[in-house]
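Here is the file target.cif (mmCIF, C-alpha atoms and all ligand atoms).
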```cif
data_my_file
#
loop_
_atom_site.group_PDB
_atom_site.id
_atom_site.type_symbol
_atom_site.label_atom_id
_atom_site.label_comp_id
_atom_site.auth_asym_id
_atom_site.auth_seq_id
_atom_site.Cartn_x
_atom_site.Cartn_y
_atom_site.Cartn_z
ATOM 1 C CA MET F 1 -21.312 -7.070 -12.766
ATOM 2 C CA ASN F 2 -22.747 -5.824 -9.477
ATOM 3 C CA GLN F 3 -23.271 -2.204 -8.582
ATOM 4 C CA VAL F 4 -20.137 -1.789 -6.483
ATOM 5 C CA GLN F 5 -17.922 -3.117 -9.273
ATOM 6 C CA GLN F 6 -19.491 -0.695 -11.735
ATOM 7 C CA GLN F 7 -18.890 2.211 -9.423
ATOM 8 C CA THR F 8 -15.291 1.281 -8.711
ATOM 9 C CA SER F 9 -14.098 0.347 -12.215
ATOM 10 C CA SER F 10 -11.105 2.399 -13.303
ATOM 11 C CA VAL F 11 -10.855 4.213 -10.010
ATOM 12 C CA ILE F 12 -7.256 4.749 -8.907
ATOM 13 C CA PHE F 13 -6.471 5.130 -5.218
ATOM 14 C CA SER F 14 -3.061 5.890 -3.824
ATOM 15 C CA PHE F 15 -2.804 4.555 -0.249
ATOM 16 C CA PHE F 16 -0.558 6.011 2.421
ATOM 17 C CA GLY F 17 -0.417 5.280 6.098
ATOM 18 C CA PRO F 18 2.033 4.757 8.930
ATOM 19 C CA PRO F 19 3.338 1.217 9.540
ATOM 20 C CA GLY F 20 0.741 -0.710 11.535
ATOM 21 C CA SER F 21 -2.228 1.355 10.325
ATOM 22 C CA GLY F 22 -3.798 -1.657 8.593
ATOM 23 C CA LYS F 23 -3.246 -0.214 5.097
ATOM 24 C CA GLY F 24 -2.042 -3.545 3.680
ATOM 25 C CA THR F 25 -4.888 -5.497 5.251
ATOM 26 C CA LEU F 26 -7.469 -3.085 3.810
ATOM 27 C CA ALA F 27 -5.882 -3.267 0.348
ATOM 28 C CA GLU F 28 -5.890 -7.068 0.471
ATOM 29 C CA ARG F 29 -9.565 -7.131 1.404
ATOM 30 C CA LEU F 30 -10.411 -4.737 -1.445
ATOM 31 C CA ARG F 31 -8.542 -7.057 -3.795
ATOM 32 C CA VAL F 32 -10.387 -10.171 -2.644
ATOM 33 C CA GLU F 33 -13.877 -8.720 -2.263
ATOM 34 C CA LEU F 34 -14.069 -5.923 -4.837
ATOM 35 C CA GLY F 35 -11.531 -6.997 -7.449
ATOM 36 C CA PHE F 36 -9.034 -4.169 -6.907
ATOM 37 C CA GLU F 37 -5.569 -4.724 -8.365
ATOM 38 C CA ILE F 38 -2.774 -3.705 -5.980
ATOM 39 C CA LEU F 39 0.456 -2.128 -7.156
ATOM 40 C CA SER F 40 3.511 -2.849 -5.042
ATOM 41 C CA THR F 41 6.566 -1.177 -6.582
ATOM 42 C CA GLY F 42 8.811 -3.696 -4.783
ATOM 43 C CA ASN F 43 7.060 -6.619 -6.480
ATOM 44 C CA LEU F 44 7.031 -4.774 -9.804
ATOM 45 C CA CYS F 45 10.814 -4.198 -9.667
ATOM 46 C CA ARG F 46 11.445 -7.839 -8.742
ATOM 47 C CA PHE F 47 9.205 -8.961 -11.615
ATOM 48 C CA HIS F 48 11.085 -6.859 -14.215
ATOM 49 C CA ILE F 49 14.467 -8.068 -12.969
ATOM 50 C CA ALA F 50 13.356 -11.712 -12.909
ATOM 51 C CA GLN F 51 11.931 -11.455 -16.444
ATOM 52 C CA GLN F 52 15.023 -9.533 -17.657
ATOM 53 C CA THR F 53 12.852 -6.980 -19.481
ATOM 54 C CA PRO F 54 14.716 -3.959 -20.952
ATOM 55 C CA LEU F 55 13.612 -1.916 -17.895
ATOM 56 C CA GLY F 56 14.565 -4.798 -15.605
ATOM 57 C CA LYS F 57 18.091 -4.866 -16.992
ATOM 58 C CA GLN F 58 18.548 -1.115 -16.407
ATOM 59 C CA LEU F 59 17.126 -1.527 -12.933
ATOM 60 C CA GLU F 60 19.402 -4.440 -12.074
ATOM 61 C CA GLU F 61 22.470 -2.434 -13.033
ATOM 62 C CA LEU F 62 21.420 0.530 -10.863
ATOM 63 C CA VAL F 63 20.577 -1.678 -7.884
ATOM 64 C CA HIS F 64 23.892 -3.508 -8.322
ATOM 65 C CA LYS F 65 25.791 -0.201 -8.172
ATOM 66 C CA GLY F 66 23.784 0.841 -5.146
ATOM 67 C CA HIS F 67 22.124 3.767 -6.989
ATOM 68 C CA LEU F 68 18.616 5.041 -6.356
ATOM 69 C CA ILE F 69 15.978 4.203 -8.951
ATOM 70 C CA PRO F 70 15.281 7.359 -11.012
ATOM 71 C CA ASP F 71 11.643 8.544 -11.027
ATOM 72 C CA ALA F 72 11.457 8.225 -14.835
ATOM 73 C CA LEU F 73 12.472 4.549 -14.760
ATOM 74 C CA MET F 74 10.131 3.752 -11.906
ATOM 75 C CA PHE F 75 7.272 5.522 -13.648
ATOM 76 C CA SER F 76 7.888 3.663 -16.937
ATOM 77 C CA MET F 77 7.233 0.394 -15.113
ATOM 78 C CA VAL F 78 4.231 1.760 -13.211
ATOM 79 C CA LYS F 79 2.734 3.273 -16.380
ATOM 80 C CA ALA F 80 2.831 -0.059 -18.253
ATOM 81 C CA TRP F 81 1.321 -1.863 -15.254
ATOM 82 C CA LEU F 82 -1.367 0.783 -14.776
ATOM 83 C CA ASP F 83 -2.378 1.103 -18.433
ATOM 84 C CA GLU F 84 -2.887 -2.635 -18.715
ATOM 85 C CA ARG F 85 -5.233 -2.649 -15.678
ATOM 86 C CA LEU F 86 -7.124 0.470 -16.737
ATOM 87 C CA SER F 87 -7.656 -0.898 -20.263
ATOM 88 C CA LYS F 88 -9.474 -3.810 -18.619
ATOM 89 C CA GLY F 89 -11.546 -1.445 -16.450
ATOM 90 C CA LYS F 90 -9.945 -2.708 -13.243
ATOM 91 C CA PRO F 91 -10.039 -0.558 -10.081
ATOM 92 C CA VAL F 92 -6.532 -0.009 -8.780
ATOM 93 C CA ILE F 93 -4.727 0.713 -5.512
ATOM 94 C CA LEU F 94 -1.218 2.123 -5.670
ATOM 95 C CA ASP F 95 0.237 1.032 -2.339
ATOM 96 C CA GLY F 96 2.710 3.702 -1.262
ATOM 97 C CA PHE F 97 3.105 5.112 -4.777
ATOM 98 C CA PRO F 98 3.885 7.825 -5.848
ATOM 99 C CA ARG F 99 6.338 8.679 -3.069
ATOM 100 C CA THR F 100 8.331 11.530 -4.633
ATOM 101 C CA PRO F 101 7.230 14.804 -6.302
ATOM 102 C CA GLY F 102 8.767 13.555 -9.579
ATOM 103 C CA GLN F 103 6.733 10.349 -9.538
ATOM 104 C CA ALA F 104 3.549 12.219 -8.583
ATOM 105 C CA THR F 105 3.983 14.786 -11.349
ATOM 106 C CA ALA F 106 4.626 12.047 -13.940
ATOM 107 C CA LEU F 107 1.524 10.162 -12.800
ATOM 108 C CA ILE F 108 -0.762 13.212 -12.852
ATOM 109 C CA GLU F 109 0.520 14.274 -16.295
ATOM 110 C CA HIS F 110 -0.120 10.785 -17.626
ATOM 111 C CA LEU F 111 -3.627 10.678 -16.157
ATOM 112 C CA ASN F 112 -4.434 14.107 -17.585
ATOM 113 C CA LYS F 113 -3.182 13.011 -21.014
ATOM 114 C CA THR F 114 -5.367 9.899 -20.927
ATOM 115 C CA ARG F 115 -8.314 11.945 -19.546
ATOM 116 C CA HIS F 116 -8.492 9.824 -16.442
ATOM 117 C CA ASN F 117 -10.148 11.785 -13.649
ATOM 118 C CA HIS F 118 -10.826 9.282 -10.881
ATOM 119 C CA PHE F 119 -7.557 9.538 -8.979
ATOM 120 C CA ARG F 120 -7.775 9.941 -5.206
ATOM 121 C CA VAL F 121 -5.190 9.817 -2.448
ATOM 122 C CA VAL F 122 -6.160 8.160 0.832
ATOM 123 C CA PHE F 123 -4.237 8.703 4.048
ATOM 124 C CA ILE F 124 -5.035 6.058 6.652
ATOM 125 C CA GLU F 125 -4.776 7.666 10.080
ATOM 126 C CA LEU F 126 -4.177 6.039 13.429
ATOM 127 C CA ALA F 127 -2.761 7.522 16.645
ATOM 128 C CA ASP F 128 0.781 6.384 17.528
ATOM 129 C CA GLU F 129 -0.265 4.760 20.818
ATOM 130 C CA GLU F 130 -2.838 2.565 19.072
ATOM 131 C CA ILE F 131 -0.318 1.578 16.388
ATOM 132 C CA ILE F 132 2.199 0.579 19.063
ATOM 133 C CA LYS F 133 -0.439 -1.436 20.903
ATOM 134 C CA ARG F 134 -1.381 -3.233 17.687
ATOM 135 C CA LEU F 135 2.170 -3.923 16.538
ATOM 136 C CA LEU F 136 3.378 -5.112 19.941
ATOM 137 C CA GLY F 137 0.421 -7.477 20.149
ATOM 138 C CA ARG F 138 1.168 -9.112 16.816
ATOM 139 C CA LYS F 139 2.111 -12.765 16.822
ATOM 140 C CA VAL F 140 3.814 -14.888 14.222
ATOM 141 C CA CYS F 141 3.792 -18.658 13.658
ATOM 142 C CA SER F 142 7.006 -20.225 15.038
ATOM 143 C CA ASN F 143 7.155 -22.680 12.099
ATOM 144 C CA LYS F 144 9.868 -21.221 9.802
ATOM 145 C CA ASP F 145 8.127 -22.633 6.704
ATOM 146 C CA CYS F 146 4.816 -20.979 7.596
ATOM 147 C CA GLN F 147 5.402 -17.665 9.436
ATOM 148 C CA ALA F 148 1.718 -16.687 9.292
ATOM 149 C CA ILE F 149 1.081 -13.360 11.061
ATOM 150 C CA TYR F 150 -1.741 -12.806 13.535
ATOM 151 C CA SER F 151 -3.034 -9.444 14.736
ATOM 152 C CA ALA F 152 -3.296 -8.337 18.372
ATOM 153 C CA ILE F 153 -6.996 -9.206 18.492
ATOM 154 C CA HIS F 154 -6.294 -12.856 17.653
ATOM 155 C CA THR F 155 -6.621 -14.858 20.887
ATOM 156 C CA GLY F 156 -5.461 -18.331 19.777
ATOM 157 C CA VAL F 157 -2.066 -19.651 20.872
ATOM 158 C CA THR F 158 -1.457 -22.005 17.920
ATOM 159 C CA CYS F 159 -1.316 -21.371 14.176
ATOM 160 C CA GLU F 160 -4.606 -21.929 12.331
ATOM 161 C CA GLN F 161 -2.723 -23.055 9.235
ATOM 162 C CA CYS F 162 -0.137 -25.509 10.601
ATOM 163 C CA GLY F 163 -0.802 -25.880 14.333
ATOM 164 C CA ALA F 164 2.641 -24.648 15.500
ATOM 165 C CA PRO F 165 2.832 -22.343 18.578
ATOM 166 C CA LEU F 166 2.557 -18.568 18.001
ATOM 167 C CA VAL F 167 5.339 -16.275 19.251
ATOM 168 C CA ARG F 168 5.899 -12.498 19.474
ATOM 169 C CA ARG F 169 7.416 -10.979 16.339
ATOM 170 C CA VAL F 170 11.074 -10.177 17.004
ATOM 171 C CA ASP F 171 11.148 -6.957 14.933
ATOM 172 C CA ASP F 172 8.219 -5.484 16.837
ATOM 173 C CA LYS F 173 10.324 -3.766 19.509
ATOM 174 C CA GLU F 174 8.751 -0.621 20.888
ATOM 175 C CA GLU F 175 11.764 1.647 20.252
ATOM 176 C CA VAL F 176 12.028 0.447 16.640
ATOM 177 C CA ILE F 177 8.347 1.161 16.066
ATOM 178 C CA ARG F 178 8.613 4.615 17.694
ATOM 179 C CA GLU F 179 11.573 5.482 15.458
ATOM 180 C CA ARG F 180 9.610 4.540 12.333
ATOM 181 C CA LEU F 181 6.590 6.511 13.521
ATOM 182 C CA ARG F 182 8.715 9.556 14.415
ATOM 183 C CA LEU F 183 9.620 10.006 10.732
ATOM 184 C CA TYR F 184 6.070 9.663 9.450
ATOM 185 C CA PRO F 185 4.469 13.124 10.139
ATOM 186 C CA ALA F 186 7.149 15.043 8.190
ATOM 187 C CA TYR F 187 6.885 12.568 5.331
ATOM 188 C CA LYS F 188 3.101 12.878 5.309
ATOM 189 C CA GLU F 189 3.300 16.676 5.354
ATOM 190 C CA SER F 190 5.607 16.697 2.330
ATOM 191 C CA LEU F 191 3.171 14.451 0.438
ATOM 192 C CA LEU F 192 0.195 16.629 1.386
ATOM 193 C CA THR F 193 1.961 19.761 0.127
ATOM 194 C CA MET F 194 2.821 17.978 -3.114
ATOM 195 C CA TYR F 195 -0.774 16.815 -3.712
ATOM 196 C CA ARG F 196 -2.280 20.190 -2.831
ATOM 197 C CA ASN F 197 0.020 21.764 -5.429
ATOM 198 C CA LEU F 198 -1.174 19.233 -7.990
ATOM 199 C CA ALA F 199 -4.845 19.834 -6.993
ATOM 200 C CA VAL F 200 -5.391 16.134 -6.281
ATOM 201 C CA ARG F 201 -8.369 14.981 -4.226
ATOM 202 C CA ILE F 202 -7.181 13.897 -0.751
ATOM 203 C CA GLU F 203 -9.166 11.794 1.730
ATOM 204 C CA GLU F 204 -8.220 11.089 5.328
ATOM 205 C CA LEU F 205 -9.571 7.914 6.884
ATOM 206 C CA ASP F 206 -9.158 7.805 10.667
ATOM 207 C CA VAL F 207 -9.419 4.151 11.686
ATOM 208 C CA ALA F 208 -9.071 4.670 15.473
ATOM 209 C CA GLY F 209 -11.179 2.143 17.380
ATOM 210 C CA MET F 210 -12.505 0.540 14.179
ATOM 211 C CA SER F 211 -12.563 -3.163 13.441
ATOM 212 C CA MET F 212 -11.413 -4.237 9.962
ATOM 213 C CA ASP F 213 -15.081 -4.710 8.979
ATOM 214 C CA GLU F 214 -15.799 -1.104 9.972
ATOM 215 C CA VAL F 215 -12.750 0.189 8.084
ATOM 216 C CA PHE F 216 -13.824 -1.772 5.017
ATOM 217 C CA GLY F 217 -17.408 -0.460 5.314
ATOM 218 C CA THR F 218 -16.229 3.136 5.701
ATOM 219 C CA PHE F 219 -13.973 2.825 2.681
ATOM 220 C CA LYS F 220 -16.754 1.269 0.584
ATOM 221 C CA ALA F 221 -18.973 4.237 1.418
ATOM 222 C CA MET F 222 -16.297 6.556 -0.007
ATOM 223 C CA LEU F 223 -16.400 4.847 -3.424
HETATM 224 ZN ZN ZN F 301 1.833 -21.830 10.926
#
```
Would you mind writing the file's structure down as C-alpha cells?
Amino acid sequence: MNQVQQQTSSVIFSFFGPPGSGKGTLAERLRVELGFEILSTGNLCRFHIAQQTPLGKQLEELVHKGHLIPDALMFSMVKAWLDERLSKGKPVILDGFPRTPGQATALIEHLNKTRHNHFRVVFIELADEEIIKRLLGRKVCSNKDCQAIYSAIHTGVTCEQCGAPLVRRVDDKEEVIRERLRLYPAYKESLLTMYRNLAVRIEELDVAGMSMDEVFGTFKAML
C-alpha cells in the first residue's frame, strides 16, 4: 500500500458542484488512480430494483406511483453500501449525496455512532461563464452505439474509440444550461446552512482556469 492510499483509506467525501464543473471527471480519476469508490444514488436505486431486494421492492412501488423516495429509505440503501466499503478500508466519494437535511442528519448520526470522523464536504466551484464555455464546446460521437463524450479542449474531429465524426451535443443549448445554473446558488446556500448547523468540515475548490491534472493535484494535496 503506498502512502496516498494509507492517508485516504476510510475518508468520506461528499462532492457537490454545478453541472459542467468537472465533478464527475474528478471523481472518476480518483476512482481509477487512488481507488476511491463512488456512490451514485441513481445507480444504487437501479441496482436494488434490478436485484428485487426488499428495499428495491419498496422503491419500485414508490417510483411506480410517482412518489418521492423518503430519506429513510434512501439512507438505508446508502448505509449498507457505505458500511461495506468502510469495512474494507476503502476511501469513498458520495457524488451529490446527501442532498436533503434529512439525509444529511441520518448520515452524520450514523457516522457519529460508528465513530467515523473523516467526513468532508467538497464544493467544486466554477464561474458560470466558464461552465457555459465548457459545456457548449463539448462534442459527442455521432455513432449511436458509442456516444463517447469529448470536452471543449479536445481538438480532434473524429472519435478516438470508433472513428465516427464528432458532433455538438444537442442538450447543450445555452438557455438550458443557464436555467440549470440559475437554480444552483440557492441550492448550494441551503446545503451550506445545513452543513454549518451539523458542524461538518466544508472545503471549496475553485477550479477556474485549471486543467484536470491541476484539479487532481490540488485535490490530492487536500487529502
Ligand atoms: Zn465513437
Ligand ZN 301 (chain F): which residues are within 8 Å, counting only C-alpha atoms and all ligand atoms? Reply as a PyMOL selection string. chain F and resi 140-143+145-148+158-166
Point-to-point distance from CA of Glu61 (chain F) to CA of Ser14 (chain F), Å rounded to tenths: 28.4 Å
Quick one: residues within 12 Å of Arg169 (chain F), all atoms listed in the file, excluding same-chain residues fewer than 2 positions away - as a PyMOL selection string? chain F and resi 134-142+147-152+166-167+171-174
Could you give me the centre and size, in Å to one decimal, of an axis-aligned box around all listed atoms of region 77-86 of chain F with 3 Å added on every side, as JSON?
```
{"center_x": 0.1, "center_y": 0.3, "center_z": -16.0, "size_x": 20.4, "size_y": 11.9, "size_z": 11.5}
```
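When only C-alpha atoms are used to compute distances to Leu183 (chain F), the closest of the residues F:Pro19, F:Met77, F:Leu82, F:Pro70 turns out to be F:Pro19.
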Missing atoms in region 60-88 of chain F: fill them in up to N, CA and C atoms and send the result as an mmCIF file, keeping the file's coordinate frame.
```cif
data_model
loop_
_atom_site.group_PDB
_atom_site.id
_atom_site.type_symbol
_atom_site.label_atom_id
_atom_site.label_comp_id
_atom_site.auth_asym_id
_atom_site.auth_seq_id
_atom_site.Cartn_x
_atom_site.Cartn_y
_atom_site.Cartn_z
ATOM 1 N N GLU F 60 18.445 -3.539 -12.702
ATOM 2 C CA GLU F 60 19.402 -4.440 -12.074
ATOM 3 C C GLU F 60 20.782 -3.786 -11.962
ATOM 4 N N GLU F 61 21.160 -3.087 -13.027
ATOM 5 C CA GLU F 61 22.470 -2.434 -13.033
ATOM 6 C C GLU F 61 22.537 -1.345 -11.954
ATOM 7 N N LEU F 62 21.466 -0.545 -11.867
ATOM 8 C CA LEU F 62 21.420 0.530 -10.863
ATOM 9 C C LEU F 62 21.455 -0.032 -9.445
ATOM 10 N N VAL F 63 20.652 -1.064 -9.215
ATOM 11 C CA VAL F 63 20.577 -1.678 -7.884
ATOM 12 C C VAL F 63 21.943 -2.261 -7.510
ATOM 13 N N HIS F 64 22.580 -2.895 -8.513
ATOM 14 C CA HIS F 64 23.892 -3.508 -8.322
ATOM 15 C C HIS F 64 24.932 -2.471 -7.892
ATOM 16 N N LYS F 65 24.846 -1.270 -8.507
ATOM 17 C CA LYS F 65 25.791 -0.201 -8.172
ATOM 18 C C LYS F 65 25.390 0.549 -6.901
ATOM 19 N N GLY F 66 24.255 0.178 -6.354
ATOM 20 C CA GLY F 66 23.784 0.841 -5.146
ATOM 21 C C GLY F 66 23.172 2.208 -5.402
ATOM 22 N N HIS F 67 22.744 2.478 -6.659
ATOM 23 C CA HIS F 67 22.124 3.767 -6.989
ATOM 24 C C HIS F 67 20.625 3.738 -6.698
ATOM 25 N N LEU F 68 20.059 4.929 -6.529
ATOM 26 C CA LEU F 68 18.616 5.041 -6.356
ATOM 27 C C LEU F 68 17.949 4.842 -7.719
ATOM 28 N N ILE F 69 16.709 4.397 -7.695
ATOM 29 C CA ILE F 69 15.978 4.203 -8.951
ATOM 30 C C ILE F 69 15.418 5.558 -9.383
ATOM 31 N N PRO F 70 15.789 6.052 -10.583
ATOM 32 C CA PRO F 70 15.281 7.359 -11.012
ATOM 33 C C PRO F 70 13.753 7.327 -11.189
ATOM 34 N N ASP F 71 13.101 8.463 -10.916
ATOM 35 C CA ASP F 71 11.643 8.544 -11.027
ATOM 36 C C ASP F 71 11.157 8.127 -12.410
ATOM 37 N N ALA F 72 11.903 8.524 -13.466
ATOM 38 C CA ALA F 72 11.457 8.225 -14.835
ATOM 39 C C ALA F 72 11.426 6.711 -15.082
ATOM 40 N N LEU F 73 12.430 6.010 -14.583
ATOM 41 C CA LEU F 73 12.472 4.549 -14.760
ATOM 42 C C LEU F 73 11.358 3.877 -13.965
ATOM 43 N N MET F 74 11.196 4.313 -12.733
ATOM 44 C CA MET F 74 10.131 3.752 -11.906
ATOM 45 C C MET F 74 8.780 3.997 -12.561
ATOM 46 N N PHE F 75 8.583 5.227 -13.066
ATOM 47 C CA PHE F 75 7.272 5.522 -13.648
ATOM 48 C C PHE F 75 7.022 4.747 -14.940
ATOM 49 N N SER F 76 8.068 4.465 -15.712
ATOM 50 C CA SER F 76 7.888 3.663 -16.937
ATOM 51 C C SER F 76 7.282 2.305 -16.591
ATOM 52 N N MET F 77 7.761 1.697 -15.520
ATOM 53 C CA MET F 77 7.233 0.394 -15.113
ATOM 54 C C MET F 77 5.795 0.522 -14.603
ATOM 55 N N VAL F 78 5.572 1.562 -13.782
ATOM 56 C CA VAL F 78 4.231 1.760 -13.211
ATOM 57 C C VAL F 78 3.225 2.054 -14.328
ATOM 58 N N LYS F 79 3.634 2.873 -15.285
ATOM 59 C CA LYS F 79 2.734 3.273 -16.380
ATOM 60 C C LYS F 79 2.262 2.042 -17.168
ATOM 61 N N ALA F 80 3.192 1.151 -17.502
ATOM 62 C CA ALA F 80 2.831 -0.059 -18.253
ATOM 63 C C ALA F 80 1.864 -0.925 -17.436
ATOM 64 N N TRP F 81 2.177 -1.063 -16.150
ATOM 65 C CA TRP F 81 1.321 -1.863 -15.254
ATOM 66 C C TRP F 81 -0.082 -1.259 -15.172
ATOM 67 N N LEU F 82 -0.109 0.068 -14.982
ATOM 68 C CA LEU F 82 -1.367 0.783 -14.776
ATOM 69 C C LEU F 82 -2.230 0.761 -16.039
ATOM 70 N N ASP F 83 -1.620 1.042 -17.179
ATOM 71 C CA ASP F 83 -2.378 1.103 -18.433
ATOM 72 C C ASP F 83 -3.039 -0.234 -18.748
ATOM 73 N N GLU F 84 -2.318 -1.318 -18.448
ATOM 74 C CA GLU F 84 -2.887 -2.635 -18.715
ATOM 75 C C GLU F 84 -4.143 -2.860 -17.857
ATOM 76 N N ARG F 85 -4.065 -2.474 -16.565
ATOM 77 C CA ARG F 85 -5.233 -2.649 -15.678
ATOM 78 C C ARG F 85 -6.383 -1.740 -16.088
ATOM 79 N N LEU F 86 -6.068 -0.488 -16.404
ATOM 80 C CA LEU F 86 -7.124 0.470 -16.737
ATOM 81 C C LEU F 86 -7.820 0.081 -18.042
ATOM 82 N N SER F 87 -7.049 -0.493 -18.982
ATOM 83 C CA SER F 87 -7.656 -0.898 -20.263
ATOM 84 C C SER F 87 -8.673 -2.018 -20.047
ATOM 85 N N LYS F 88 -8.509 -2.747 -18.931
ATOM 86 C CA LYS F 88 -9.474 -3.810 -18.619
ATOM 87 C C LYS F 88 -10.556 -3.306 -17.660
#
```
